[in-house]
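Peer 1: What follows is query24.pdb; its format and atoms are PDB, C-alpha atoms.
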```
ATOM      1  CA  MET A1075     -45.214  11.411 -50.405
ATOM      2  CA  LYS A1076     -46.790  13.369 -47.564
ATOM      3  CA  LEU A1077     -48.300  10.174 -46.123
ATOM      4  CA  LEU A1078     -44.900   8.459 -46.180
ATOM      5  CA  GLY A1079     -43.285  11.444 -44.425
ATOM      6  CA  THR A1080     -45.955  11.397 -41.714
ATOM      7  CA  ALA A1081     -45.546   7.647 -41.226
ATOM      8  CA  ALA A1082     -41.773   8.053 -40.927
ATOM      9  CA  LEU A1083     -42.212  10.821 -38.353
ATOM     10  CA  VAL A1084     -44.610   8.673 -36.321
ATOM     11  CA  ALA A1085     -42.150   5.750 -36.463
ATOM     12  CA  VAL A1086     -39.304   7.971 -35.251
ATOM     13  CA  LEU A1087     -41.424   9.312 -32.391
ATOM     14  CA  VAL A1088     -42.539   5.834 -31.361
ATOM     15  CA  LEU A1089     -39.029   4.401 -31.507
ATOM     16  CA  SER A1090     -37.230   7.306 -29.849
ATOM     17  CA  GLY A1091     -40.012   8.789 -27.749
ATOM     18  CA  CYS A1092     -39.242   6.614 -24.780
ATOM     19  CA  ALA A1093     -35.474   6.785 -24.822
ATOM     20  CA  GLY A1094     -34.631   7.661 -21.239
ATOM     21  CA  CYS A1095     -38.253   7.310 -20.110
ATOM     22  CA  SER A1096     -38.902   5.649 -16.792
ATOM     23  CA  VAL A1097     -41.770   3.367 -15.930
ATOM     24  CA  GLN A1098     -43.580   4.197 -12.703
ATOM     25  CA  ALA A1099     -43.972   1.198 -10.398
ATOM     26  CA  GLY A1100     -47.396   0.094  -9.181
ATOM     27  CA  VAL A1101     -48.414  -0.996  -5.678
ATOM     28  CA  GLY A1102     -46.334  -4.011  -4.612
ATOM     29  CA  GLU A1103     -43.722  -3.418  -7.298
ATOM     30  CA  CYS A1104     -40.137  -2.346  -6.669
ATOM     31  CA  ALA A1105     -38.334   0.803  -7.710
ATOM     32  CA  THR A1106     -35.067   2.686  -7.638
ATOM     33  CA  GLN A1107     -34.347   6.408  -7.617
ATOM     34  CA  THR A1108     -33.468   7.605 -11.131
ATOM     35  CA  ASP A1109     -30.960  10.228  -9.888
ATOM     36  CA  MET A1110     -29.482   9.817  -6.404
ATOM     37  CA  ASN A1111     -28.234  13.422  -6.458
ATOM     38  CA  SER A1112     -31.691  14.892  -7.082
ATOM     39  CA  ALA A1113     -33.782  16.269  -4.235
ATOM     40  CA  GLU A1114     -36.909  15.384  -6.248
ATOM     41  CA  VAL A1115     -38.095  11.810  -5.741
ATOM     42  CA  ALA A1116     -38.370  10.255  -9.214
ATOM     43  CA  MET A1117     -38.467   6.475  -9.146
ATOM     44  CA  THR A1118     -38.425   3.956 -11.947
ATOM     45  CA  GLU A1119     -39.674   0.380 -11.778
ATOM     46  CA  VAL A1120     -37.105  -2.403 -11.400
ATOM     47  CA  ASP A1121     -37.426  -6.138 -10.857
ATOM     48  CA  CYS A1122     -37.791  -6.902  -7.141
ATOM     49  CA  SER A1123     -34.966  -9.473  -7.321
ATOM     50  CA  SER A1124     -32.529  -6.782  -8.523
ATOM     51  CA  SER A1125     -29.986  -5.333  -6.096
ATOM     52  CA  GLU A1126     -31.252  -1.899  -7.246
ATOM     53  CA  ALA A1127     -34.735  -2.647  -5.833
ATOM     54  CA  VAL A1128     -34.216  -0.769  -2.570
ATOM     55  CA  TYR A1129     -37.796   0.570  -2.457
ATOM     56  CA  ARG A1130     -41.248  -0.979  -2.881
ATOM     57  CA  VAL A1131     -44.504   0.873  -3.531
ATOM     58  CA  SER A1132     -46.736   0.252  -0.522
ATOM     59  CA  SER A1133     -49.637   2.471  -1.549
ATOM     60  CA  ARG A1134     -50.928   4.926  -4.101
ATOM     61  CA  GLU A1135     -52.865   7.778  -2.508
ATOM     62  CA  ARG A1136     -55.082  10.320  -4.238
ATOM     63  CA  ARG A1137     -54.784  13.892  -2.963
ATOM     64  CA  THR A1138     -53.739  12.742   0.512
ATOM     65  CA  MET A1139     -50.564  12.116   2.434
ATOM     66  CA  CYS A1140     -48.986   8.687   2.804
ATOM     67  CA  PRO A1141     -50.081   6.562   5.773
ATOM     68  CA  GLU A1142     -48.243   7.168   9.056
ATOM     69  CA  GLY A1143     -44.587   6.218   8.785
ATOM     70  CA  ASP A1144     -41.202   6.929   7.249
ATOM     71  CA  TYR A1145     -42.261   6.655   3.609
ATOM     72  CA  LEU A1146     -40.321   8.106   0.725
ATOM     73  CA  THR A1147     -42.973  10.015  -1.215
ATOM     74  CA  GLU A1148     -43.265  10.701  -4.922
ATOM     75  CA  SER A1149     -46.012  12.935  -6.294
ATOM     76  CA  SER A1150     -47.122  12.387  -9.846
ATOM     77  CA  GLY A1151     -48.856  14.828 -12.149
ATOM     78  CA  ARG A1152     -52.519  15.623 -12.198
ATOM     79  CA  SER A1153     -55.049  13.869 -14.332
ATOM     80  CA  ARG A1154     -58.480  15.226 -15.114
ATOM     81  CA  THR A1155     -60.194  12.149 -13.731
ATOM     82  CA  ASN A1156     -58.407  11.466 -10.459
ATOM     83  CA  GLY A1157     -56.294  14.468  -9.494
ATOM     84  CA  LYS A1158     -52.789  14.311  -8.031
ATOM     85  CA  THR A1159     -51.417  10.906  -7.050
ATOM     86  CA  ARG A1160     -48.863  10.227  -4.322
ATOM     87  CA  LEU A1161     -46.771   7.039  -4.331
ATOM     88  CA  CYS A1162     -45.572   5.850  -0.923
ATOM     89  CA  TYR A1163     -42.338   3.818  -0.852
ATOM     90  CA  VAL A1164     -41.047   1.553   1.936
ATOM     91  CA  LEU A1165     -37.530   0.179   2.147
ATOM     92  CA  ASN A1166     -37.332  -3.188   0.386
ATOM     93  CA  VAL A1167     -34.566  -4.764   2.476
ATOM     94  CA  SER A1168     -33.764  -7.913   4.435
ATOM     95  CA  GLU A1169     -31.724  -8.482   7.588
ATOM     96  CA  GLY A1170     -28.034  -8.419   6.679
ATOM     97  CA  ASP A1171     -28.413  -6.074   3.688
ATOM     98  CA  CYS A1172     -25.866  -3.262   3.585
ATOM     99  CA  LEU A1173     -26.886   0.246   2.594
ATOM    100  CA  LYS A1174     -25.137   3.441   1.702
ATOM    101  CA  PRO A1175     -27.058   6.650   2.403
ATOM    102  CA  VAL A1176     -27.026   9.020  -0.568
ATOM    103  CA  ASN A1177     -28.899  12.258   0.149
ATOM    104  CA  GLN A1178     -32.399  11.179   1.242
ATOM    105  CA  TYR A1179     -32.090   7.730  -0.363
ATOM    106  CA  PHE A1180     -30.407   4.422   0.306
ATOM    107  CA  GLU A1181     -28.402   2.392  -2.172
ATOM    108  CA  ARG A1182     -27.784  -1.361  -1.623
ATOM    109  CA  VAL A1183     -24.015  -1.982  -1.577
ATOM    110  CA  PRO A1184     -21.588  -4.771  -0.627
ATOM    111  CA  CYS A1185     -20.925  -4.915   3.110
ATOM    112  CA  GLY A1186     -17.730  -3.266   4.320
ATOM    113  CA  SER A1187     -16.501  -0.267   6.229
ATOM    114  CA  GLY A1188     -18.443   2.957   5.951
ATOM    115  CA  VAL A1189     -21.793   1.333   5.170
ATOM    116  CA  ARG A1190     -24.901   0.796   7.246
ATOM    117  CA  LYS A1191     -26.393  -2.628   7.898
ATOM    118  CA  VAL A1192     -30.013  -3.745   8.246
ATOM    119  CA  SER A1193     -29.857  -5.427  11.654
ATOM    120  CA  LYS A1194     -33.521  -6.304  12.065
ATOM    121  CA  VAL A1195     -36.763  -6.401  10.064
ATOM    122  CA  VAL A1196     -39.917  -6.942  12.108
ATOM    123  CA  ASP A1197     -43.140  -7.513  10.180
ATOM    124  CA  GLY A1198     -46.425  -6.801  11.973
ATOM    125  CA  GLN A1199     -45.042  -4.160  14.367
ATOM    126  CA  ALA A1200     -44.256  -0.472  13.873
ATOM    127  CA  ASP A1201     -42.263   0.402  16.990
ATOM    128  CA  ARG A1202     -38.929   2.273  17.064
ATOM    129  CA  ALA A1203     -38.206   0.793  20.518
ATOM    130  CA  LEU A1204     -37.587  -2.562  18.785
ATOM    131  CA  CYS A1205     -34.349  -1.047  17.433
ATOM    132  CA  GLY A1206     -32.883  -0.229  20.852
ATOM    133  CA  GLY A1207     -31.847   3.281  19.853
ATOM    134  CA  ALA A1208     -30.481   2.341  16.411
ATOM    135  CA  ASP A1209     -31.702   4.193  13.332
ATOM    136  CA  SER A1210     -35.135   2.915  12.402
ATOM    137  CA  ARG A1211     -37.833   3.146   9.773
ATOM    138  CA  THR A1212     -41.404   2.319  10.737
ATOM    139  CA  TYR A1213     -44.400   1.896   8.459
ATOM    140  CA  SER A1214     -48.115   1.450   9.071
ATOM    141  CA  GLN A1215     -48.888  -0.055   5.632
ATOM    142  CA  PRO A1216     -47.556  -2.718   5.590
ATOM    143  CA  VAL A1217     -46.913  -2.678   9.337
ATOM    144  CA  LYS A1218     -43.141  -3.036   9.642
ATOM    145  CA  THR A1219     -40.079  -1.865  11.563
ATOM    146  CA  ILE A1220     -36.613  -1.807  10.014
ATOM    147  CA  CYS A1221     -33.524  -1.303  12.203
ATOM    148  CA  ILE A1222     -30.334   0.064  10.612
ATOM    149  CA  THR A1223     -26.971   0.157  12.396
ATOM    150  CA  GLY A1224     -23.572   1.570  11.558
TER     151      GLY A1224
END
```
Reformat the file's structure so that it appears as structure tokens.

Peer 2:
Amino acid sequence: MKLLGTAALVAVLVLSGCAGCSVQAGVGECATQTDMNSAEVAMTEVDCSSSEAVYRVSSRERRTMCPEGDYLTESSGRSRTNGKTRLCYVLNVSEGDCLKPVNQYFERVPCGSGVRKVSKVVDGQADRALCGGADSRTYSQPVKTICITG
């Protein structure tokens, strides 16, 4: 009887243990903020073809800062073998995408009044001057400039 009770408890933990859990994206994978109202960056992996995939992991750093640029940064817990890890997110957008700023994040939305539009994406250059004074995000890994108007 005790063995059956233990097995049932394990089954319940396995089946319910991940309800509400989020999967952390790896380098090159896409993510979305789990709570747009939270000041703490907590991303969960989403398919890159999804409209929710506004961010992409560009690098995973150990005990260091993200490369130079306008990265959204998420710090993960410590592990005994490799210490604290920092995930560095770049905007995963294309020219013509419309965005709504929500706190420190962006949400992809249908174009219309009151939204911001990605006017230019330049791969291979990280230079705010390419945006002619418009809001910009620049990254050094991958080297990219994103211009946002509106």

Peer 1: Which polymer residues have any atom within 6 Å of an atom of range 1130-1140 of chain A, counting all atoms listed in the file, with same-chain residues fewer than 5 positions away left out, as a ChimeraX atom specification?

Peer 2: /A:1101-1105,1158-1164,1166

Peer 1: Figure out the distance between CA of Tyr1179 in chain A and CA of Thr1108 in chain A, please, to one decimal in Å.

Peer 2: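 Distance between the two atoms: 10.9 Å.
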
Peer 1: For the structure shown, which residues end up in the PyMOL selection byres ((chain A and resi 1183) around 9)? Put them as a ChimeraX atom specification, please?

Peer 2: /A:1125,1171-1174,1181-1182,1184-1186,1189

Peer 1: Rounded to one decimal place, report the CA of Pro1216 in chain A-CA of Gly1198 in chain A distance in Å.

Peer 2: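 Straight-line distance from CA of Pro1216 in chain A to CA of Gly1198 in chain A works out to 7.7 Å.
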
Peer 1: Could you jot down the CA of Tyr1145 in chain A to CA of Thr1212 in chain A separation for me, Å, one decimal place?

Peer 2: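 Result for CA of Tyr1145 in chain A versus CA of Thr1212 in chain A: 8.4 Å, one decimal.
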
Peer 1: Counting all atoms listed in the file, which of A:Gln1215, A:Leu1165, A:Asp1109, A:Asp1121 gets nearest to Ala1200 in chain A?

Peer 2: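 Residue with the minimum atom-to-atom distance to Ala1200 in chain A: A:Gln1215.
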
Peer 1: Using all atoms listed in the file, can you tell me which of A:Gln1178, A:Cys1205, A:Glu1142, A:Glu1169 comes closest to Val1115 in chain A?

Peer 2: A:Gln1178

Peer 1: Can you list what the PyMOL selection byres ((chain A and resi 1197) around 7) grabs from this structure, as a PDB file with C-alpha atoms, keeping the file's coordinate frame?

Peer 2:
```pdb
ATOM      1  CA  VAL A1195     -36.763  -6.401  10.064  1.00  0.00           C
ATOM      2  CA  VAL A1196     -39.917  -6.942  12.108  1.00  0.00           C
ATOM      3  CA  GLY A1198     -46.425  -6.801  11.973  1.00  0.00           C
ATOM      4  CA  GLN A1199     -45.042  -4.160  14.367  1.00  0.00           C
ATOM      5  CA  VAL A1217     -46.913  -2.678   9.337  1.00  0.00           C
ATOM      6  CA  LYS A1218     -43.141  -3.036   9.642  1.00  0.00           C
ATOM      7  CA  THR A1219     -40.079  -1.865  11.563  1.00  0.00           C
TER       8      THR A1219
END
```

Peer 1: Please determine, counting all atoms listed in the file, which residue among A:Ser1193, A:Ala1113, A:Ala1203, A:Asp1209 has the shortest atom-to-atom distance to Leu1146 in chain A.

Peer 2: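 For Leu1146 in chain A, the nearest of the candidates is A:Ala1113.
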
Peer 1: I'd like the residues picked by the PyMOL selection byres ((chain A and resi 1222) around 6) written out as a list in words, using the chain letters and numbers from the file.

Peer 2: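 What the PyMOL selection byres ((chain A and resi 1222) around 6) grabs from the file is Lys1191, Val1192, Ser1193, Asp1209, Ser1210, Cys1221 and Thr1223 of chain A.
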
Peer 1: Quick one: of A:Gly1207, A:Gly1224, A:Ser1149, A:Ala1127, who's nearest to Glu1114 in chain A, counting all atoms listed in the file?

Peer 2: A:Ser1149

Peer 1: Taking only C-alpha atoms into account, which of A:Ser1112, A:Ala1208, A:Glu1119, A:Tyr1129 comes nearest Ser1168 in chain A?

Peer 2: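 So, comparing all the options, the nearest one is A:Tyr1129.
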
Peer 1: Calculated over only C-alpha atoms, which of the candidates A:Ser1214, A:Thr1147, A:Cys1122, A:Met1110 has the smallest distance to Phe1180 in chain A?

Peer 2: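 Ranking A:Ser1214, A:Thr1147, A:Cys1122, A:Met1110 by distance to Phe1180 in chain A, first place goes to A:Met1110.
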